[in-house]
>>> print(open('my_file.txt').read())   # compact mmCIF, C-alpha atoms
# COMPACT_ATOMS: atom_id res chain seq x y z
CA MET V 1 -53.43 -12.49 58.88
CA GLU V 2 -55.72 -11.09 61.54
CA SER V 3 -58.89 -13.00 62.11
CA ARG V 4 -60.82 -9.82 62.80
CA GLU V 5 -60.96 -9.11 59.07
CA ILE V 6 -63.23 -12.10 58.58
CA SER V 7 -66.97 -11.62 58.93
CA GLN V 8 -68.97 -13.31 61.68
CA ALA V 9 -71.03 -15.18 59.10
CA VAL V 10 -67.88 -16.79 57.70
CA ILE V 11 -66.62 -17.58 61.19
CA ARG V 12 -69.84 -19.42 61.98
CA ARG V 13 -69.27 -21.61 58.94
CA LEU V 14 -65.58 -22.32 59.61
CA PRO V 15 -66.00 -25.29 61.99
CA ARG V 16 -67.97 -27.06 59.29
CA TYR V 17 -65.26 -26.45 56.67
CA TYR V 18 -62.75 -27.63 59.23
CA ARG V 19 -64.68 -30.86 59.74
CA TYR V 20 -64.99 -31.61 56.03
CA LEU V 21 -61.35 -30.78 55.34
CA GLY V 22 -60.33 -33.02 58.25
CA GLU V 23 -62.30 -35.90 56.74
CA LEU V 24 -60.66 -35.32 53.35
CA LEU V 25 -57.22 -35.35 55.00
CA GLU V 26 -58.04 -38.61 56.78
CA ASN V 27 -58.96 -40.07 53.41
CA GLY V 28 -55.64 -38.96 51.90
CA VAL V 29 -57.12 -36.25 49.64
CA GLU V 30 -54.48 -33.58 48.97
CA ARG V 31 -56.47 -31.08 46.96
CA ILE V 32 -60.06 -30.44 46.10
CA SER V 33 -61.90 -28.11 43.75
CA SER V 34 -64.59 -25.80 45.03
CA ASN V 35 -67.07 -27.75 42.88
CA ASP V 36 -66.22 -31.07 44.54
CA LEU V 37 -66.30 -29.51 47.99
CA SER V 38 -69.61 -27.89 47.05
CA LYS V 39 -71.18 -31.26 46.23
CA ARG V 40 -69.99 -32.80 49.49
CA MET V 41 -71.01 -29.89 51.71
CA GLN V 42 -74.21 -28.98 49.86
CA VAL V 43 -73.15 -25.34 49.76
CA THR V 44 -72.81 -23.46 46.46
CA ALA V 45 -69.32 -23.42 44.92
CA SER V 46 -69.44 -19.64 44.79
CA GLN V 47 -70.17 -19.48 48.53
CA ILE V 48 -67.16 -21.73 49.15
CA ARG V 49 -64.92 -19.61 46.93
CA GLN V 50 -66.04 -16.44 48.67
CA ASP V 51 -65.58 -17.91 52.14
CA LEU V 52 -62.20 -19.47 51.48
CA ASN V 53 -60.87 -16.42 49.65
CA ASN V 54 -60.59 -14.94 53.14
CA PHE V 55 -57.61 -17.23 53.64
CA GLY V 56 -55.56 -16.01 50.71
CA GLY V 57 -55.20 -17.16 47.14
CA PHE V 58 -54.52 -20.87 47.43
CA GLY V 59 -57.59 -21.86 45.49
CA GLN V 60 -56.17 -21.80 41.97
CA GLN V 61 -58.06 -22.36 38.76
CA GLY V 62 -57.52 -25.93 37.63
CA TYR V 63 -55.66 -26.82 40.82
CA GLY V 64 -58.21 -26.52 43.59
CA TYR V 65 -57.56 -26.04 47.27
CA ASN V 66 -54.61 -27.50 49.13
CA VAL V 67 -56.53 -29.46 51.77
CA LYS V 68 -53.82 -29.64 54.42
CA TYR V 69 -52.88 -25.98 54.14
CA LEU V 70 -56.47 -24.83 54.35
CA TYR V 71 -57.19 -27.19 57.25
CA THR V 72 -54.19 -25.84 59.15
CA GLU V 73 -55.04 -22.19 58.47
CA ILE V 74 -58.64 -22.58 59.56
CA GLY V 75 -57.45 -24.44 62.66
CA LYS V 76 -55.25 -21.47 63.54
CA ILE V 77 -58.10 -19.01 63.15
CA LEU V 78 -60.28 -21.20 65.36
CA GLY V 79 -57.62 -21.21 68.08
CA LEU V 80 -56.99 -24.95 67.76
CA GLU V 81 -53.21 -24.60 67.63
CA GLU V 82 -53.08 -23.72 71.32
CA GLU V 83 -53.90 -25.92 74.26
CA HIS V 84 -57.05 -25.01 76.18
CA GLY V 85 -57.33 -26.31 79.74
CA MET V 86 -60.90 -27.22 80.69
CA ILE V 87 -62.88 -28.32 83.72
CA ILE V 88 -66.37 -29.79 83.86
CA ILE V 89 -68.72 -28.76 86.64
CA GLY V 90 -71.28 -31.50 87.10
CA ALA V 91 -70.40 -35.21 86.85
CA GLY V 92 -73.87 -36.35 85.77
CA ASN V 93 -74.67 -38.12 82.49
CA LEU V 94 -73.94 -35.08 80.37
CA GLY V 95 -70.69 -34.39 82.25
CA HIS V 96 -69.71 -38.01 81.69
CA ALA V 97 -70.60 -37.82 78.00
CA LEU V 98 -68.42 -34.75 77.49
CA ALA V 99 -65.56 -36.14 79.62
CA ASN V 100 -65.57 -39.32 77.54
CA HIS V 101 -65.42 -37.42 74.25
CA ALA V 102 -61.81 -38.14 73.26
CA GLY V 103 -62.17 -36.03 70.10
CA PHE V 104 -61.97 -32.78 72.04
CA GLU V 105 -58.44 -33.56 73.26
CA LYS V 106 -57.23 -34.14 69.69
CA ARG V 107 -58.15 -30.50 68.98
CA GLY V 108 -56.23 -29.16 71.99
CA PHE V 109 -59.10 -29.09 74.49
CA VAL V 110 -57.58 -30.82 77.52
CA LEU V 111 -59.87 -31.78 80.38
CA LYS V 112 -58.01 -31.36 83.66
CA GLY V 113 -60.66 -31.88 86.32
CA ILE V 114 -64.33 -32.65 86.96
CA PHE V 115 -66.20 -31.16 89.90
CA ASP V 116 -69.34 -32.28 91.66
CA VAL V 117 -71.06 -32.01 95.03
CA ASN V 118 -71.79 -35.73 95.38
CA PRO V 119 -69.30 -37.13 97.96
CA THR V 120 -69.64 -40.70 96.62
CA LEU V 121 -67.88 -39.53 93.43
CA LYS V 122 -64.84 -38.14 95.27
CA GLY V 123 -61.57 -39.70 94.11
CA MET V 124 -63.15 -41.40 91.08
CA THR V 125 -61.87 -40.68 87.59
CA ILE V 126 -63.37 -40.48 84.11
CA ARG V 127 -60.93 -41.39 81.32
CA GLY V 128 -58.16 -40.78 83.87
CA VAL V 129 -59.42 -37.32 84.86
CA PRO V 130 -60.12 -36.99 88.62
CA ILE V 131 -63.45 -35.96 90.07
CA TYR V 132 -63.03 -33.33 92.78
CA MET V 133 -65.48 -31.81 95.24
CA MET V 134 -66.75 -28.26 94.71
CA ASP V 135 -64.94 -27.00 97.82
CA GLU V 136 -61.66 -27.87 96.08
CA LEU V 137 -62.48 -25.66 93.09
CA GLU V 138 -60.88 -22.44 94.29
CA ASP V 139 -57.50 -24.03 95.06
CA PHE V 140 -57.60 -26.04 91.84
CA MET V 141 -58.20 -22.90 89.77
CA LYS V 142 -55.27 -21.16 91.49
CA ASN V 143 -52.87 -23.99 90.72
CA SER V 144 -53.95 -25.04 87.24
CA ASP V 145 -54.11 -23.32 83.89
CA ILE V 146 -57.83 -23.47 83.16
CA GLU V 147 -59.40 -21.38 80.40
CA ILE V 148 -62.76 -23.05 79.87
CA GLY V 149 -65.38 -24.08 82.43
CA ILE V 150 -68.07 -26.46 81.19
CA LEU V 151 -71.34 -26.16 83.11
CA THR V 152 -73.46 -29.31 83.11
CA ILE V 153 -75.41 -28.57 86.28
CA PRO V 154 -79.09 -27.68 86.80
CA LYS V 155 -80.05 -24.09 86.14
CA ALA V 156 -80.80 -23.41 89.83
CA LYS V 157 -77.07 -23.60 90.63
CA ALA V 158 -75.60 -22.51 87.29
CA ILE V 159 -75.54 -18.74 87.78
CA GLU V 160 -73.95 -19.00 91.24
CA VAL V 161 -71.26 -21.40 90.03
CA ALA V 162 -70.60 -19.32 86.90
CA ASN V 163 -70.00 -16.26 89.08
CA GLN V 164 -67.62 -18.30 91.25
CA LEU V 165 -65.68 -19.37 88.15
CA VAL V 166 -65.46 -15.75 87.04
CA ASP V 167 -64.08 -14.79 90.47
CA TYR V 168 -61.48 -17.52 90.08
CA GLY V 169 -60.40 -16.11 86.72
CA ILE V 170 -62.13 -18.32 84.15
CA LYS V 171 -61.88 -16.98 80.59
CA ALA V 172 -64.78 -18.79 78.96
CA ILE V 173 -67.84 -20.83 79.86
CA TRP V 174 -69.44 -23.54 77.76
CA ASN V 175 -72.91 -23.44 79.23
CA PHE V 176 -75.29 -26.41 79.04
CA ALA V 177 -77.51 -25.16 81.88
CA HIS V 178 -80.94 -24.03 80.72
CA THR V 179 -80.43 -20.38 81.67
CA ASP V 180 -78.57 -17.29 80.51
CA LEU V 181 -75.59 -16.36 82.66
CA ASN V 182 -75.19 -12.57 82.15
CA LEU V 183 -71.46 -12.48 82.96
CA PRO V 184 -68.99 -9.61 82.53
CA ASP V 185 -68.05 -8.80 78.92
CA ASN V 186 -64.54 -10.19 79.28
CA VAL V 187 -65.88 -13.70 79.89
CA ILE V 188 -66.81 -15.56 76.73
CA VAL V 189 -69.97 -17.64 76.90
CA GLU V 190 -71.08 -20.24 74.40
CA ASN V 191 -74.53 -21.63 75.19
CA VAL V 192 -75.85 -25.05 74.23
CA HIS V 193 -79.54 -24.78 75.07
CA LEU V 194 -80.79 -28.25 74.15
CA SER V 195 -84.45 -27.50 74.88
CA GLU V 196 -84.35 -24.60 72.43
CA SER V 197 -82.85 -26.83 69.78
CA LEU V 198 -85.66 -29.34 70.33
CA MET V 199 -88.26 -26.55 70.08
CA ARG V 200 -86.80 -25.44 66.73
CA LEU V 201 -87.19 -29.03 65.61
CA SER V 202 -90.83 -29.19 66.66
CA TYR V 203 -91.50 -25.79 65.10
CA ASN V 204 -90.19 -27.18 61.80
CA ILE V 205 -92.39 -30.28 62.15
CA SER V 206 -95.45 -28.07 62.70
CA ARG V 207 -94.57 -25.86 59.77
CA TYR V 208 -94.04 -28.88 57.54
CA ASN V 209 -97.37 -30.39 58.58
CA GLU V 210 -99.12 -27.10 57.94
CA GLU V 211 -97.63 -26.68 54.48
CA HIS V 212 -98.41 -30.28 53.70
CA ARG V 213 -102.03 -29.83 54.75
CA ALA V 214 -102.23 -26.66 52.66
CA GLU V 215 -101.05 -28.57 49.58
CA LYS V 216 -103.87 -31.06 49.78
CA MET L 1 -102.60 -17.02 62.44
CA GLU L 2 -100.26 -18.91 60.16
CA SER L 3 -96.73 -19.31 61.42
CA ARG L 4 -95.35 -18.94 57.91
CA GLU L 5 -95.93 -15.20 58.10
CA ILE L 6 -93.27 -14.93 60.79
CA SER L 7 -89.67 -14.47 59.70
CA GLN L 8 -87.01 -17.10 60.36
CA ALA L 9 -85.04 -14.64 62.48
CA VAL L 10 -88.01 -14.22 64.82
CA ILE L 11 -88.57 -17.98 64.90
CA ARG L 12 -84.99 -18.53 66.04
CA ARG L 13 -85.59 -16.17 68.96
CA LEU L 14 -88.96 -17.65 69.99
CA PRO L 15 -87.64 -20.48 72.22
CA ARG L 16 -85.79 -17.89 74.28
CA TYR L 17 -88.94 -15.76 74.71
CA TYR L 18 -90.77 -18.93 75.62
CA ARG L 19 -88.21 -19.75 78.30
CA TYR L 20 -88.34 -16.26 79.85
CA LEU L 21 -92.13 -16.11 79.76
CA GLY L 22 -92.26 -19.57 81.37
CA GLU L 23 -90.04 -18.36 84.21
CA LEU L 24 -92.24 -15.29 84.69
CA LEU L 25 -95.33 -17.52 84.83
CA GLU L 26 -93.67 -19.75 87.43
CA ASN L 27 -93.02 -16.65 89.50
CA GLY L 28 -96.67 -15.59 89.27
CA VAL L 29 -96.07 -12.58 87.00
CA GLU L 30 -99.24 -11.85 84.98
CA ARG L 31 -98.07 -9.03 82.77
CA ILE L 32 -94.79 -7.41 81.84
CA SER L 33 -93.80 -4.32 79.87
CA SER L 34 -91.41 -4.58 76.95
CA ASN L 35 -88.98 -2.45 78.98
CA ASP L 36 -88.93 -4.90 81.89
CA LEU L 37 -88.63 -7.88 79.58
CA SER L 38 -85.86 -6.02 77.75
CA LYS L 39 -83.83 -5.66 80.96
CA ARG L 40 -84.20 -9.33 81.82
CA MET L 41 -83.44 -10.66 78.36
CA GLN L 42 -80.77 -8.10 77.45
CA VAL L 43 -82.48 -7.42 74.14
CA THR L 44 -83.66 -3.92 73.18
CA ALA L 45 -87.27 -3.08 74.02
CA SER L 46 -87.89 -2.13 70.39
CA GLN L 47 -86.67 -5.55 69.23
CA ILE L 48 -89.07 -7.18 71.68
CA ARG L 49 -91.98 -5.02 70.53
CA GLN L 50 -91.21 -5.81 66.89
CA ASP L 51 -90.88 -9.54 67.54
CA LEU L 52 -93.98 -9.86 69.71
CA ASN L 53 -96.10 -7.70 67.40
CA ASN L 54 -96.12 -10.80 65.19
CA PHE L 55 -98.51 -12.31 67.71
CA GLY L 56 -101.17 -9.63 67.54
CA GLY L 57 -101.83 -6.53 69.56
CA PHE L 58 -101.76 -7.70 73.13
CA GLY L 59 -98.87 -5.47 74.09
CA GLN L 60 -100.78 -2.35 75.09
CA GLN L 61 -99.32 0.99 76.14
CA GLY L 62 -99.33 1.19 79.91
CA TYR L 63 -100.51 -2.40 80.27
CA GLY L 64 -97.72 -4.52 78.94
CA TYR L 65 -97.89 -8.08 77.70
CA ASN L 66 -100.20 -10.72 79.08
CA VAL L 67 -97.59 -13.30 80.08
CA LYS L 68 -99.78 -16.38 80.00
CA TYR L 69 -101.42 -15.53 76.68
CA LEU L 70 -98.10 -14.82 75.01
CA TYR L 71 -96.54 -17.97 76.47
CA THR L 72 -99.42 -20.06 75.16
CA GLU L 73 -99.40 -18.49 71.70
CA ILE L 74 -95.65 -18.95 71.30
CA GLY L 75 -95.98 -22.53 72.53
CA LYS L 76 -98.58 -23.17 69.80
CA ILE L 77 -96.31 -21.74 67.10
CA LEU L 78 -93.46 -23.91 68.35
CA GLY L 79 -95.64 -27.02 68.11
CA LEU L 80 -95.61 -27.63 71.86
CA GLU L 81 -99.37 -28.14 72.12
CA GLU L 82 -99.11 -31.52 70.41
CA GLU L 83 -97.47 -34.66 71.71
CA HIS L 84 -94.30 -35.72 69.91
CA GLY L 85 -93.26 -39.37 70.28
CA MET L 86 -89.48 -39.81 70.39
CA ILE L 87 -86.90 -42.58 70.43
CA ILE L 88 -83.22 -42.37 71.29
CA ILE L 89 -80.73 -44.40 69.29
CA GLY L 90 -77.63 -44.94 71.43
CA ALA L 91 -77.84 -45.62 75.18
CA GLY L 92 -74.42 -44.20 76.02
CA ASN L 93 -73.79 -41.27 78.36
CA LEU L 94 -75.38 -38.73 76.06
CA GLY L 95 -78.39 -40.98 75.43
CA HIS L 96 -78.75 -41.39 79.19
CA ALA L 97 -78.46 -37.64 79.76
CA LEU L 98 -81.23 -36.92 77.24
CA ALA L 99 -83.43 -39.79 78.49
CA ASN L 100 -83.14 -38.45 82.04
CA HIS L 101 -84.14 -34.92 81.01
CA ALA L 102 -87.65 -34.79 82.47
CA GLY L 103 -88.15 -31.25 81.16
CA PHE L 104 -88.69 -32.47 77.60
CA GLU L 105 -91.78 -34.45 78.60
CA LYS L 106 -93.37 -31.38 80.18
CA ARG L 107 -93.27 -29.76 76.71
CA GLY L 108 -94.93 -32.73 75.01
CA PHE L 109 -91.79 -34.58 73.91
CA VAL L 110 -92.50 -38.13 75.09
CA LEU L 111 -89.68 -40.65 75.00
CA LYS L 112 -91.07 -44.07 74.08
CA GLY L 113 -88.01 -46.23 73.54
CA ILE L 114 -84.22 -46.32 73.60
CA PHE L 115 -82.24 -48.50 71.19
CA ASP L 116 -78.72 -49.84 71.38
CA VAL L 117 -76.60 -52.70 70.04
CA ASN L 118 -75.15 -53.69 73.42
CA PRO L 119 -76.95 -56.90 74.53
CA THR L 120 -76.16 -56.31 78.22
CA LEU L 121 -78.54 -53.33 78.13
CA LYS L 122 -81.48 -55.36 76.80
CA GLY L 123 -84.53 -55.16 79.06
CA MET L 124 -83.12 -52.35 81.18
CA THR L 125 -85.01 -49.09 81.50
CA ILE L 126 -84.10 -45.42 81.93
CA ARG L 127 -86.71 -43.39 83.80
CA GLY L 128 -89.13 -46.20 83.04
CA VAL L 129 -88.43 -46.22 79.29
CA PRO L 130 -87.26 -49.62 77.98
CA ILE L 131 -83.98 -50.19 76.16
CA TYR L 132 -84.49 -52.31 73.03
CA MET L 133 -82.04 -53.89 70.63
CA MET L 134 -81.54 -52.41 67.17
CA ASP L 135 -83.09 -55.46 65.48
CA GLU L 136 -86.37 -54.59 67.21
CA LEU L 137 -86.40 -51.09 65.69
CA GLU L 138 -88.39 -51.86 62.55
CA ASP L 139 -91.27 -53.56 64.39
CA PHE L 140 -91.27 -50.89 67.07
CA MET L 141 -91.57 -48.14 64.48
CA LYS L 142 -94.50 -49.94 62.82
CA ASN L 143 -96.41 -50.25 66.07
CA SER L 144 -95.67 -46.92 67.75
CA ASP L 145 -96.34 -43.34 66.89
CA ILE L 146 -92.80 -41.97 66.65
CA GLU L 147 -92.07 -38.59 65.08
CA ILE L 148 -88.57 -37.80 66.31
CA GLY L 149 -85.45 -39.98 66.29
CA ILE L 150 -82.57 -38.79 68.47
CA LEU L 151 -79.17 -39.97 67.25
CA THR L 152 -76.52 -40.25 69.95
CA ILE L 153 -74.30 -42.77 68.21
CA PRO L 154 -70.81 -42.39 66.68
CA LYS L 155 -70.67 -40.83 63.25
CA ALA L 156 -69.51 -44.08 61.59
CA LYS L 157 -72.99 -45.58 62.14
CA ALA L 158 -75.09 -42.42 62.10
CA ILE L 159 -75.78 -42.12 58.38
CA GLU L 160 -76.78 -45.78 58.03
CA VAL L 161 -79.11 -45.62 61.03
CA ALA L 162 -80.59 -42.31 59.87
CA ASN L 163 -81.44 -43.88 56.52
CA GLN L 164 -83.05 -46.82 58.31
CA LEU L 165 -85.18 -44.44 60.36
CA VAL L 166 -86.24 -42.65 57.18
CA ASP L 167 -87.26 -46.00 55.66
CA TYR L 168 -89.35 -46.69 58.76
CA GLY L 169 -91.15 -43.35 58.36
CA ILE L 170 -89.43 -41.03 60.84
CA LYS L 171 -90.44 -37.37 60.44
CA ALA L 172 -87.52 -35.65 62.13
CA ILE L 173 -84.05 -36.39 63.42
CA TRP L 174 -82.30 -34.63 66.29
CA ASN L 175 -78.72 -35.40 65.33
CA PHE L 176 -75.89 -35.39 67.87
CA ALA L 177 -73.54 -37.42 65.66
CA HIS L 178 -70.61 -35.43 64.33
CA THR L 179 -71.63 -35.68 60.70
CA ASP L 180 -74.20 -34.26 58.28
CA LEU L 181 -76.94 -36.68 57.30
CA ASN L 182 -78.12 -35.49 53.85
CA LEU L 183 -81.62 -36.93 54.13
CA PRO L 184 -84.64 -36.37 51.85
CA ASP L 185 -86.22 -32.91 52.08
CA ASN L 186 -89.32 -34.21 53.85
CA VAL L 187 -87.27 -35.28 56.87
CA ILE L 188 -86.50 -32.46 59.27
CA VAL L 189 -83.00 -32.48 60.75
CA GLU L 190 -81.80 -30.43 63.68
CA ASN L 191 -78.08 -30.82 64.31
CA VAL L 192 -76.31 -30.37 67.62
CA HIS L 193 -72.65 -30.43 66.62
CA LEU L 194 -70.93 -30.04 69.99
CA SER L 195 -67.40 -29.90 68.54
CA GLU L 196 -68.40 -26.97 66.37
CA SER L 197 -69.84 -25.17 69.37
CA LEU L 198 -66.56 -25.69 71.24
CA MET L 199 -64.59 -24.37 68.23
CA ARG L 200 -66.70 -21.21 68.18
CA LEU L 201 -65.83 -20.81 71.84
CA SER L 202 -62.11 -21.18 71.21
CA TYR L 203 -62.33 -18.83 68.22
CA ASN L 204 -63.82 -16.21 70.52
CA ILE L 205 -61.06 -16.78 73.10
CA SER L 206 -58.41 -16.27 70.39
CA ARG L 207 -60.10 -13.16 69.10
CA TYR L 208 -60.41 -11.75 72.62
CA ASN L 209 -56.73 -12.45 73.31
CA GLU L 210 -55.73 -10.80 70.05
CA GLU L 211 -57.80 -7.69 70.68
CA HIS L 212 -56.49 -7.53 74.21
CA ARG L 213 -52.91 -7.78 73.01
CA ALA L 214 -53.60 -5.09 70.42
CA GLU L 215 -54.82 -2.73 73.14
CA LYS L 216 -51.57 -2.94 75.08
>>> encode(input="my_file.txt", output="structure tokens")
Amino acid sequence: MESREISQAVIRRLPRYYRYLGELLENGVERISSNDLSKRMQVTASQIRQDLNNFGGFGQQGYGYNVKYLYTEIGKILGLEEEHGMIIIGAGNLGHALANHAGFEKRGFVLKGIFDVNPTLKGMTIRGVPIYMMDELEDFMKNSDIEIGILTIPKAKAIEVANQLVDYGIKAIWNFAHTDLNLPDNVIVENVHLSESLMRLSYNISRYNEEHRAEK
Amino acid sequence: MESREISQAVIRRLPRYYRYLGELLENGVERISSNDLSKRMQVTASQIRQDLNNFGGFGQQGYGYNVKYLYTEIGKILGLEEEHGMIIIGAGNLGHALANHAGFEKRGFVLKGIFDVNPTLKGMTIRGVPIYMMDELEDFMKNSDIEIGILTIPKAKAIEVANQLVDYGIKAIWNFAHTDLNLPDNVIVENVHLSESLMRLSYNISRYNEEHRAEK
């Protein structure tokens, strides 16, 4: 089945299905009805049926979904069956947090190096992964199979480093720097703009307060 | 103007406008046309005009937008004019990264305490903010004005701690734990599920590879 047949809206929801199905698997659940899944995920059962129908007819009346099969199929669509080599640029707190996240490796995301400009970090490791200096980046990229570059550096340097990574053949950038990168179309960028997430939170607080005041 | 008149789609885009307008302000730009803003933000000029028309008629033909006015108005809508007291639960790498992010304070998000269960951290500070033990949380919440709880703890503990925070009167939770919280409707939750972001990235790599193969 080609993933391109599936709408973007469904794709956005897939990681969440994948997470819930993974938890069910861990708990030894072999099948689940759309109604049960609906209660757990707080999504309507009809939404679940529509979404999961994209993956063929293994949701049968009176039987439910085969958890393992569905989990595996969604994993394939999400590209989790292949190994993805990654590097982190920026060995600060956020770089450390991501490097220490063992869960990524379970899904095939293998961290192969961490880069920084701070010479006191040279030769250190995080969870066994070496920290290199930025002037070693070009050679490292030539000799390693790296798909994903993770940027956890300040925005002032992020665009320059992203362009370097593109020159060295990076396929995708997971960008935590507080700036847009504007890279060529063949480089995939996924942004995590934490400040914007916090602003959405405060917007929702303001809106709630306003509605609450209006009710009084 | 009431923010409820503005559509959710516009709201989601506001933090990005706010960021670009802030950068313009820093660079001393007083006004900007929708065409110039369009080039910078890589959004169509008509989208920008539509979005910013929600904030009244200060985009005039031949004049452009008043950068400072627009920045201030959007900041008000986003709730950035008020101070928001915050605590972080979990003084690991991610907790440290967020505590060290001075940019949040500039926007009115004031970190007042960090909580952990590790007794060796007791009495330490991060950027001047004290680390407390979890058994001090209840008293702290009674005596401080805290709106936002930031959860940077493993998912096994996240739901329990979130429910505690709700009992102590928290208004909003910024959740980095890899689980949904299912809290009462009057508690605002903003999730940052990093694994899901990484899966969207790998999905886009797979799709790109597939399309690329198909072209050959």
>>> residues_around(input="my_file.txt", residues="segment 77-85 of chain V", least_positions_apart="5", cutoff="9 Å", atoms="all atoms listed in the file", output="PDB file with C-alpha atoms, in the coordinates of the input")
ATOM      1  CA  GLU V   2     -55.720 -11.090  61.540  1.00  0.00           C
ATOM      2  CA  SER V   3     -58.890 -13.000  62.110  1.00  0.00           C
ATOM      3  CA  ILE V  11     -66.620 -17.580  61.190  1.00  0.00           C
ATOM      4  CA  LEU V  14     -65.580 -22.320  59.610  1.00  0.00           C
ATOM      5  CA  PRO V  15     -66.000 -25.290  61.990  1.00  0.00           C
ATOM      6  CA  THR V  72     -54.190 -25.840  59.150  1.00  0.00           C
ATOM      7  CA  GLU V 105     -58.440 -33.560  73.260  1.00  0.00           C
ATOM      8  CA  ARG V 107     -58.150 -30.500  68.980  1.00  0.00           C
ATOM      9  CA  GLY V 108     -56.230 -29.160  71.990  1.00  0.00           C
ATOM     10  CA  PHE V 109     -59.100 -29.090  74.490  1.00  0.00           C
ATOM     11  CA  VAL V 110     -57.580 -30.820  77.520  1.00  0.00           C
ATOM     12  CA  LEU V 111     -59.870 -31.780  80.380  1.00  0.00           C
ATOM     13  CA  LYS V 112     -58.010 -31.360  83.660  1.00  0.00           C
ATOM     14  CA  SER V 144     -53.950 -25.040  87.240  1.00  0.00           C
ATOM     15  CA  ASP V 145     -54.110 -23.320  83.890  1.00  0.00           C
ATOM     16  CA  ILE V 146     -57.830 -23.470  83.160  1.00  0.00           C
ATOM     17  CA  GLU V 147     -59.400 -21.380  80.400  1.00  0.00           C
ATOM     18  CA  ILE V 148     -62.760 -23.050  79.870  1.00  0.00           C
ATOM     19  CA  GLY V 149     -65.380 -24.080  82.430  1.00  0.00           C
TER      20      GLY V 149
ATOM     21  CA  MET L 199     -64.590 -24.370  68.230  1.00  0.00           C
ATOM     22  CA  ARG L 200     -66.700 -21.210  68.180  1.00  0.00           C
ATOM     23  CA  LEU L 201     -65.830 -20.810  71.840  1.00  0.00           C
ATOM     24  CA  SER L 202     -62.110 -21.180  71.210  1.00  0.00           C
ATOM     25  CA  TYR L 203     -62.330 -18.830  68.220  1.00  0.00           C
ATOM     26  CA  ASN L 204     -63.820 -16.210  70.520  1.00  0.00           C
ATOM     27  CA  ILE L 205     -61.060 -16.780  73.100  1.00  0.00           C
ATOM     28  CA  SER L 206     -58.410 -16.270  70.390  1.00  0.00           C
ATOM     29  CA  ARG L 207     -60.100 -13.160  69.100  1.00  0.00           C
TER      30      ARG L 207
END
>>> residues_around(input="my_file.txt", residues="Lys157 of chain V", least_positions_apart="4", cutoff="12 Å", atoms="only C-alpha atoms", output="JSON, numbers by chain")
{"V": [89, 90, 116, 117, 151, 152, 153, 161, 162, 163, 164, 177, 178, 179, 181]}
>>> atom_distance(input="my_file.txt", atom1="atom CA of Asn35 of chain V", atom2="atom CA of Tyr18 of chain V")
16.9 Å
>>> atom_distance(input="my_file.txt", atom1="atom CA of Lys68 of chain V", atom2="atom CA of Glu196 of chain L")
19.0 Å
>>> atom_distance(input="my_file.txt", atom1="atom CA of Tyr132 of chain V", atom2="atom CA of Asn93 of chain V")
16.3 Å
>>> residues_around(input="my_file.txt", residues="Arg127 of chain L", least_positions_apart="6", cutoff="10 Å", atoms="only C-alpha atoms", output="list in words")
His96, Ala99, Asn100, His101, Ala102 and Leu111 of chain L
>>> closest_residue(input="my_file.txt", among="V:Asn118, V:Thr125, V:Ser197, V:Asn143", to="chain L", atoms="all atoms listed in the file")
V:Ser197
>>> closest_residue(input="my_file.txt", among="V:Phe115, V:Tyr69, V:Phe176, V:Tyr63", to="chain L", atoms="all atoms listed in the file")
V:Phe176
>>> closest_residue(input="my_file.txt", among="L:Phe55, L:Leu94, L:Asp135, L:Leu25", to="chain V", atoms="only C-alpha atoms")
L:Leu94
>>> residues_around(input="my_file.txt", residues="Asn191 of chain L", least_positions_apart="3", cutoff="8 Å", atoms="only C-alpha atoms", output="ChimeraX atom specification")
/L:174-176,180
>>> residues_around(input="my_file.txt", residues="Ala172 of chain L", least_positions_apart="3", cutoff="6 Å", atoms="all atoms listed in the file", output="VMD selection string")
chain L and resid 148 187 to 189
>>> closest_residue(input="my_file.txt", among="L:Arg19, L:Lys142, L:Arg49, L:Lys155", to="chain V", atoms="all atoms listed in the file")
L:Arg19
>>> closest_residue(input="my_file.txt", among="V:Ser34, V:Asn27, V:Gln8, V:Thr44", to="chain L", atoms="only C-alpha atoms")
V:Gln8
>>> closest_residue(input="my_file.txt", among="V:Ile150, V:Ile87, V:Leu70, V:Val166", to="chain L", atoms="all atoms listed in the file")
V:Ile150
